[in-house]
>>> print(open('final-v8.cif').read())   # mmCIF, C-alpha atoms
data_target
#
loop_
_atom_site.group_PDB
_atom_site.id
_atom_site.type_symbol
_atom_site.label_atom_id
_atom_site.label_comp_id
_atom_site.auth_asym_id
_atom_site.auth_seq_id
_atom_site.Cartn_x
_atom_site.Cartn_y
_atom_site.Cartn_z
ATOM 1 C CA MET D 1 32.842 5.002 -2.655
ATOM 2 C CA LYS D 2 30.714 6.411 0.123
ATOM 3 C CA THR D 3 27.157 5.119 0.395
ATOM 4 C CA TYR D 4 24.850 7.572 2.135
ATOM 5 C CA GLY D 5 22.217 6.440 4.572
ATOM 6 C CA THR D 6 24.105 3.342 5.667
ATOM 7 C CA GLU D 7 26.398 4.891 8.258
ATOM 8 C CA PRO D 8 25.880 3.785 11.853
ATOM 9 C CA GLY D 9 23.274 6.035 13.397
ATOM 10 C CA ALA D 10 21.944 7.276 10.043
ATOM 11 C CA PRO D 11 18.141 7.555 9.911
ATOM 12 C CA THR D 12 16.339 4.615 8.381
ATOM 13 C CA SER D 13 13.983 5.447 5.536
ATOM 14 C CA VAL D 14 10.574 3.751 5.787
ATOM 15 C CA GLN D 15 8.127 3.958 2.887
ATOM 16 C CA VAL D 16 4.461 4.409 3.796
ATOM 17 C CA GLY D 17 2.371 3.344 0.825
ATOM 18 C CA ILE D 18 -1.169 4.242 -0.138
ATOM 19 C CA SER D 19 -3.636 3.160 2.579
ATOM 20 C CA GLU D 20 -0.794 2.362 5.000
ATOM 21 C CA LEU D 21 0.279 3.834 8.306
ATOM 22 C CA THR D 22 3.467 3.486 10.326
ATOM 23 C CA VAL D 23 4.516 4.549 13.821
ATOM 24 C CA SER D 24 8.130 5.145 14.841
ATOM 25 C CA ASP D 25 9.790 5.856 18.157
ATOM 26 C CA GLY D 26 13.203 6.411 16.635
ATOM 27 C CA ASP D 27 14.893 8.658 14.153
ATOM 28 C CA ASP D 28 13.363 6.952 11.121
ATOM 29 C CA THR D 29 12.297 9.053 8.171
ATOM 30 C CA LEU D 30 8.790 8.064 7.084
ATOM 31 C CA LYS D 31 8.092 8.781 3.397
ATOM 32 C CA SER D 32 4.981 8.804 1.232
ATOM 33 C CA TYR D 33 5.175 9.336 -2.497
ATOM 34 C CA GLY D 34 2.642 10.498 -5.049
ATOM 35 C CA LEU D 35 0.062 12.332 -2.967
ATOM 36 C CA GLY D 36 -2.621 13.699 -5.242
ATOM 37 C CA SER D 37 -6.064 13.745 -3.646
ATOM 38 C CA CYS D 38 -4.662 11.543 -0.850
ATOM 39 C CA VAL D 39 -3.791 13.193 2.463
ATOM 40 C CA ALA D 40 -0.653 12.481 4.478
ATOM 41 C CA ILE D 41 -1.389 12.664 8.193
ATOM 42 C CA ALA D 42 1.634 13.126 10.443
ATOM 43 C CA LEU D 43 1.062 12.878 14.186
ATOM 44 C CA TYR D 44 3.810 13.300 16.729
ATOM 45 C CA ASP D 45 4.447 13.767 20.414
ATOM 46 C CA PRO D 46 7.240 16.332 20.804
ATOM 47 C CA GLU D 47 7.970 15.172 24.350
ATOM 48 C CA THR D 48 8.552 11.477 23.585
ATOM 49 C CA GLU D 49 9.573 11.891 19.912
ATOM 50 C CA ILE D 50 7.092 9.178 18.956
ATOM 51 C CA GLY D 51 5.208 9.809 15.752
ATOM 52 C CA GLY D 52 3.464 8.251 12.816
ATOM 53 C CA LEU D 53 2.493 8.834 9.223
ATOM 54 C CA ALA D 54 -0.574 7.692 7.302
ATOM 55 C CA HIS D 55 -1.161 7.932 3.534
ATOM 56 C CA THR D 56 -4.957 8.116 3.426
ATOM 57 C CA MET D 57 -6.952 7.668 0.258
ATOM 58 C CA LEU D 58 -10.583 8.251 1.239
ATOM 59 C CA PRO D 59 -12.404 10.367 3.831
ATOM 60 C CA ASP D 60 -14.790 8.191 5.825
ATOM 61 C CA GLY D 61 -13.982 4.712 7.096
ATOM 62 C CA ASP D 62 -16.785 4.570 9.629
ATOM 63 C CA GLU D 63 -19.191 3.723 6.820
ATOM 64 C CA ALA D 64 -16.882 1.254 5.051
ATOM 65 C CA GLU D 65 -17.104 -2.478 5.723
ATOM 66 C CA ASN D 66 -13.363 -3.150 5.779
ATOM 67 C CA SER D 67 -12.026 -0.107 7.641
ATOM 68 C CA ASP D 68 -10.961 -2.241 10.608
ATOM 69 C CA ARG D 69 -8.678 -4.305 8.328
ATOM 70 C CA LYS D 70 -7.217 -1.281 6.532
ATOM 71 C CA PRO D 71 -7.511 1.739 8.871
ATOM 72 C CA GLY D 72 -4.835 3.669 6.941
ATOM 73 C CA LYS D 73 -7.099 3.885 3.909
ATOM 74 C CA TYR D 74 -9.479 6.388 5.513
ATOM 75 C CA ALA D 75 -8.679 9.750 7.117
ATOM 76 C CA ASP D 76 -10.827 9.242 10.217
ATOM 77 C CA THR D 77 -9.808 5.668 11.032
ATOM 78 C CA ALA D 78 -6.129 6.382 10.261
ATOM 79 C CA ILE D 79 -5.982 9.162 12.837
ATOM 80 C CA ARG D 80 -7.528 6.948 15.513
ATOM 81 C CA ALA D 81 -5.203 4.032 14.656
ATOM 82 C CA LEU D 82 -2.101 6.251 14.690
ATOM 83 C CA LEU D 83 -3.056 7.713 18.075
ATOM 84 C CA ARG D 84 -3.735 4.280 19.555
ATOM 85 C CA ARG D 85 -0.410 2.854 18.310
ATOM 86 C CA MET D 86 1.530 5.902 19.451
ATOM 87 C CA VAL D 87 0.056 5.769 22.958
ATOM 88 C CA GLU D 88 0.844 2.029 23.094
ATOM 89 C CA ARG D 89 4.506 2.954 22.460
ATOM 90 C CA GLY D 90 4.543 5.616 25.173
ATOM 91 C CA ALA D 91 3.280 8.841 23.572
ATOM 92 C CA SER D 92 1.049 11.091 25.653
ATOM 93 C CA TYR D 93 -2.356 11.611 24.043
ATOM 94 C CA THR D 94 -2.550 15.143 25.438
ATOM 95 C CA THR D 95 0.666 16.368 23.782
ATOM 96 C CA VAL D 96 0.213 14.876 20.296
ATOM 97 C CA GLU D 97 0.170 17.390 17.429
ATOM 98 C CA ALA D 98 -0.779 17.002 13.776
ATOM 99 C CA LYS D 99 0.509 18.121 10.396
ATOM 100 C CA LEU D 100 -1.310 17.489 7.104
ATOM 101 C CA ALA D 101 -0.270 17.581 3.459
ATOM 102 C CA GLY D 102 -1.980 16.710 0.181
ATOM 103 C CA GLY D 103 -5.643 16.749 -0.715
ATOM 104 C CA SER D 104 -5.163 18.203 -4.182
ATOM 105 C CA ASP D 105 -7.955 18.293 -6.671
ATOM 106 C CA MET D 106 -5.975 17.100 -9.661
ATOM 107 C CA PHE D 107 -8.998 16.732 -11.943
ATOM 108 C CA GLU D 108 -12.233 18.670 -12.206
ATOM 109 C CA PHE D 109 -15.507 16.758 -12.153
ATOM 110 C CA ASP D 110 -18.198 19.389 -11.698
ATOM 111 C CA SER D 111 -20.959 16.794 -11.579
ATOM 112 C CA PHE D 112 -19.525 15.242 -8.377
ATOM 113 C CA GLY D 113 -19.482 18.391 -6.240
ATOM 114 C CA ASP D 114 -16.493 18.660 -3.913
ATOM 115 C CA GLY D 115 -13.536 16.611 -5.085
ATOM 116 C CA VAL D 116 -12.045 13.710 -3.151
ATOM 117 C CA GLY D 117 -9.105 15.883 -2.105
ATOM 118 C CA LYS D 118 -11.323 18.419 -0.367
ATOM 119 C CA ARG D 119 -13.426 15.703 1.254
ATOM 120 C CA ASN D 120 -10.226 14.027 2.545
ATOM 121 C CA ILE D 121 -9.022 17.333 4.001
ATOM 122 C CA ASP D 122 -12.388 18.036 5.642
ATOM 123 C CA ALA D 123 -12.565 14.524 7.135
ATOM 124 C CA ALA D 124 -9.024 14.704 8.548
ATOM 125 C CA LYS D 125 -9.591 18.142 10.083
ATOM 126 C CA ALA D 126 -12.939 17.090 11.553
ATOM 127 C CA GLU D 127 -11.475 13.956 13.153
ATOM 128 C CA LEU D 128 -8.532 15.889 14.627
ATOM 129 C CA GLU D 129 -10.917 18.456 16.078
ATOM 130 C CA LYS D 130 -13.229 15.748 17.436
ATOM 131 C CA LEU D 131 -10.294 14.081 19.207
ATOM 132 C CA GLY D 132 -8.770 17.341 20.448
ATOM 133 C CA VAL D 133 -5.521 16.997 18.474
ATOM 134 C CA PRO D 134 -4.212 20.405 17.391
ATOM 135 C CA LEU D 135 -3.379 20.900 13.716
ATOM 136 C CA VAL D 136 -0.117 22.874 13.901
ATOM 137 C CA ALA D 137 0.836 23.031 10.202
ATOM 138 C CA SER D 138 -0.481 22.068 6.789
ATOM 139 C CA ASP D 139 0.128 22.220 3.045
ATOM 140 C CA LEU D 140 -3.241 21.339 1.540
ATOM 141 C CA GLY D 141 -5.338 21.601 -1.590
ATOM 142 C CA GLY D 142 -4.342 23.109 -4.867
ATOM 143 C CA ASP D 143 -3.698 21.119 -8.003
ATOM 144 C CA ARG D 144 -0.192 19.756 -7.528
ATOM 145 C CA GLY D 145 1.245 16.416 -6.517
ATOM 146 C CA ARG D 146 3.291 16.033 -3.354
ATOM 147 C CA THR D 147 5.777 13.712 -1.682
ATOM 148 C CA VAL D 148 6.349 13.928 2.067
ATOM 149 C CA GLU D 149 9.161 12.978 4.431
ATOM 150 C CA PHE D 150 8.368 12.939 8.151
ATOM 151 C CA THR D 151 10.906 12.613 10.966
ATOM 152 C CA PRO D 152 9.116 11.901 14.262
ATOM 153 C CA GLU D 153 12.252 12.646 16.292
ATOM 154 C CA THR D 154 12.065 16.321 15.284
ATOM 155 C CA GLY D 155 8.441 16.589 14.122
ATOM 156 C CA THR D 156 9.658 17.911 10.768
ATOM 157 C CA LEU D 157 7.442 17.269 7.751
ATOM 158 C CA LEU D 158 9.127 18.070 4.421
ATOM 159 C CA VAL D 159 6.675 18.515 1.565
ATOM 160 C CA LYS D 160 8.070 18.288 -1.956
ATOM 161 C CA SER D 161 5.715 19.365 -4.698
ATOM 162 C CA SER D 162 5.591 19.813 -8.426
ATOM 163 C CA ASP D 163 3.026 21.487 -10.615
ATOM 164 C CA GLU D 164 1.832 20.934 -14.167
ATOM 165 C CA ASN D 165 4.695 23.096 -15.488
ATOM 166 C CA GLY D 166 7.283 20.874 -13.832
ATOM 167 C CA ASP D 167 8.178 23.499 -11.237
ATOM 168 C CA HIS D 168 9.338 21.975 -7.957
ATOM 169 C CA GLY D 169 9.257 23.273 -4.422
ATOM 170 C CA VAL D 170 10.069 22.124 -0.899
ATOM 171 C CA THR D 171 8.198 23.310 2.177
ATOM 172 C CA GLU D 172 9.201 22.467 5.730
ATOM 173 C CA LEU D 173 6.323 22.178 8.188
#
>>> encode(input="final-v8.cif", output="structure tokens")
Amino acid sequence: MKTYGTEPGAPTSVQVGISELTVSDGDDTLKSYGLGSCVAIALYDPETEIGGLAHTMLPDGDEAENSDRKPGKYADTAIRALLRRMVERGASYTTVEAKLAGGSDMFEFDSFGDGVGKRNIDAAKAELEKLGVPLVASDLGGDRGRTVEFTPETGTLLVKSSDENGDHGVTEL
């Protein structure tokens, strides 16, 4: 019986959970499951093939007391932490690009104004712009859940989604 994913040279799958971030300088596949209002932030340097993925839950860590202990929890602090860790591994700050997915508004709460999903999207975009990191692709908003698979070696972000009717789709960014 052949077991896939265990052959020599096969990419290693690394799960990136809620509020986590991971950087890879190999051919790992970084995966995050169950993105609703959360935003997956994929940063990569196409020249060095170093990249990272964060599964952010909330928009603004600068105002949170514990953001230094859990930078992956917040869109703004996750982007800064990913960039710092990537540069430490040899990525060039000036060639890093970004891809985003998620930020759905799964539930409507009119009394709260903009939903968490939209606030997460806005915070991630604002931080990327502030740091001069170009956003080259995205699959954002809506009302569907997503799972992402990111391969830093190629910069490919696969976004798998399903809607309330159970319809599934895959988008390659």
>>> resolve_selection(input="final-v8.cif", expression="the PyMOL selection byres ((chain D and resi 133-146) around 8)", output="count of residues only")
35
>>> resolve_selection(input="final-v8.cif", expression="the PyMOL selection byres ((chain D and resi 156) around 12)", output="NGL selection string")
:D and (27-31 or 42-46 or 49 or 51-53 or 97-100 or 136-138 or 148-155 or 157-159 or 171-173)
>>> resolve_selection(input="final-v8.cif", expression="the PyMOL selection byres ((chain D and resi 86) around 9)", output="list in words")
Val23, Ser24, Asp25, Leu43, Tyr44, Asp45, Ile50, Gly51, Gly52, Ala81, Leu82, Leu83, Arg84, Arg85, Val87, Glu88, Arg89, Gly90, Ala91, Ser92 and Tyr93 of chain D
>>> write_last_selection(input="final-v8.cif", atoms="C-alpha atoms", output="short mmCIF file (atom, residue, chain, number, x, y, z; two decimals), keeping the file's coordinate frame")
data_model
loop_
_atom_site.label_atom_id
_atom_site.label_comp_id
_atom_site.auth_asym_id
_atom_site.auth_seq_id
_atom_site.Cartn_x
_atom_site.Cartn_y
_atom_site.Cartn_z
CA VAL D 23 4.52 4.55 13.82
CA SER D 24 8.13 5.14 14.84
CA ASP D 25 9.79 5.86 18.16
CA LEU D 43 1.06 12.88 14.19
CA TYR D 44 3.81 13.30 16.73
CA ASP D 45 4.45 13.77 20.41
CA ILE D 50 7.09 9.18 18.96
CA GLY D 51 5.21 9.81 15.75
CA GLY D 52 3.46 8.25 12.82
CA ALA D 81 -5.20 4.03 14.66
CA LEU D 82 -2.10 6.25 14.69
CA LEU D 83 -3.06 7.71 18.08
CA ARG D 84 -3.74 4.28 19.56
CA ARG D 85 -0.41 2.85 18.31
CA VAL D 87 0.06 5.77 22.96
CA GLU D 88 0.84 2.03 23.09
CA ARG D 89 4.51 2.95 22.46
CA GLY D 90 4.54 5.62 25.17
CA ALA D 91 3.28 8.84 23.57
CA SER D 92 1.05 11.09 25.65
CA TYR D 93 -2.36 11.61 24.04
#
>>> atom_distance(input="final-v8.cif", atom1="atom CA of D:Leu58", atom2="atom CA of D:Val14")
22.1 Å
>>> atom_distance(input="final-v8.cif", atom1="atom CA of D:Gly61", atom2="atom CA of D:Tyr74")
5.1 Å
>>> atom_distance(input="final-v8.cif", atom1="atom CA of D:Arg80", atom2="atom CA of D:Met57")
15.3 Å
>>> closest_residue(input="final-v8.cif", among="D:Leu21, D:Thr95, D:Arg119, D:Ser32", to="D:Ile79", atoms="all atoms listed in the file")
D:Leu21
>>> decode(input="final-v8.cif", residues="stretch 14-31 of chain D", atoms="N, CA, C and O atoms", output="CSV table (one decimal), in the first residue's frame")
chain,number,residue,atom,x,y,z
D,14,VAL,N,2.4,21.4,7.5
D,14,VAL,CA,2.5,22.0,8.8
D,14,VAL,C,1.1,22.7,9.1
D,14,VAL,O,0.8,23.6,8.3
D,15,GLN,N,0.5,22.4,10.2
D,15,GLN,CA,-0.8,23.0,10.5
D,15,GLN,C,-0.5,24.3,11.3
D,15,GLN,O,0.3,24.3,12.2
D,16,VAL,N,-1.2,25.4,10.9
D,16,VAL,CA,-1.1,26.7,11.6
D,16,VAL,C,-2.4,27.0,12.2
D,16,VAL,O,-3.4,27.2,11.5
D,17,GLY,N,-2.5,26.8,13.5
D,17,GLY,CA,-3.8,27.0,14.2
D,17,GLY,C,-4.2,28.4,14.4
D,17,GLY,O,-3.4,29.4,14.1
D,18,ILE,N,-5.3,28.6,15.0
D,18,ILE,CA,-5.8,29.9,15.3
D,18,ILE,C,-4.9,30.7,16.2
D,18,ILE,O,-4.4,30.1,17.2
D,19,SER,N,-4.5,31.9,15.8
D,19,SER,CA,-3.6,32.8,16.6
D,19,SER,C,-2.2,32.3,16.5
D,19,SER,O,-1.3,32.8,17.3
D,20,GLU,N,-1.8,31.5,15.5
D,20,GLU,CA,-0.5,31.0,15.3
D,20,GLU,C,0.1,31.6,14.1
D,20,GLU,O,-0.6,32.0,13.2
D,21,LEU,N,1.4,31.5,14.0
D,21,LEU,CA,2.1,31.9,12.7
D,21,LEU,C,3.3,31.0,12.6
D,21,LEU,O,3.9,30.5,13.6
D,22,THR,N,3.7,30.7,11.3
D,22,THR,CA,4.8,29.8,11.1
D,22,THR,C,5.6,30.3,9.8
D,22,THR,O,4.9,30.8,8.9
D,23,VAL,N,6.9,30.2,9.9
D,23,VAL,CA,7.7,30.6,8.7
D,23,VAL,C,8.5,29.4,8.3
D,23,VAL,O,8.9,28.6,9.1
D,24,SER,N,8.6,29.3,6.9
D,24,SER,CA,9.3,28.1,6.3
D,24,SER,C,10.2,28.6,5.3
D,24,SER,O,9.9,29.5,4.5
D,25,ASP,N,11.4,27.9,5.2
D,25,ASP,CA,12.3,28.2,4.1
D,25,ASP,C,12.5,27.0,3.3
D,25,ASP,O,13.5,26.8,2.6
D,26,GLY,N,11.5,26.1,3.3
D,26,GLY,CA,11.6,24.9,2.5
D,26,GLY,C,10.3,24.7,1.7
D,26,GLY,O,9.7,25.7,1.4
D,27,ASP,N,10.1,23.5,1.3
D,27,ASP,CA,8.9,23.2,0.5
D,27,ASP,C,7.7,22.7,1.3
D,27,ASP,O,6.9,22.0,0.8
D,28,ASP,N,7.7,23.1,2.6
D,28,ASP,CA,6.6,22.8,3.4
D,28,ASP,C,5.3,23.3,2.9
D,28,ASP,O,5.3,24.3,2.2
D,29,THR,N,4.2,22.7,3.2
D,29,THR,CA,2.8,23.2,2.9
D,29,THR,C,2.2,23.6,4.2
D,29,THR,O,2.1,22.8,5.1
D,30,LEU,N,2.0,24.9,4.4
D,30,LEU,CA,1.4,25.5,5.6
D,30,LEU,C,-0.1,25.5,5.5
D,30,LEU,O,-0.6,26.1,4.5
D,31,LYS,N,-0.8,25.0,6.4
D,31,LYS,CA,-2.3,24.9,6.3
D,31,LYS,C,-3.0,25.5,7.5
D,31,LYS,O,-2.6,25.3,8.6
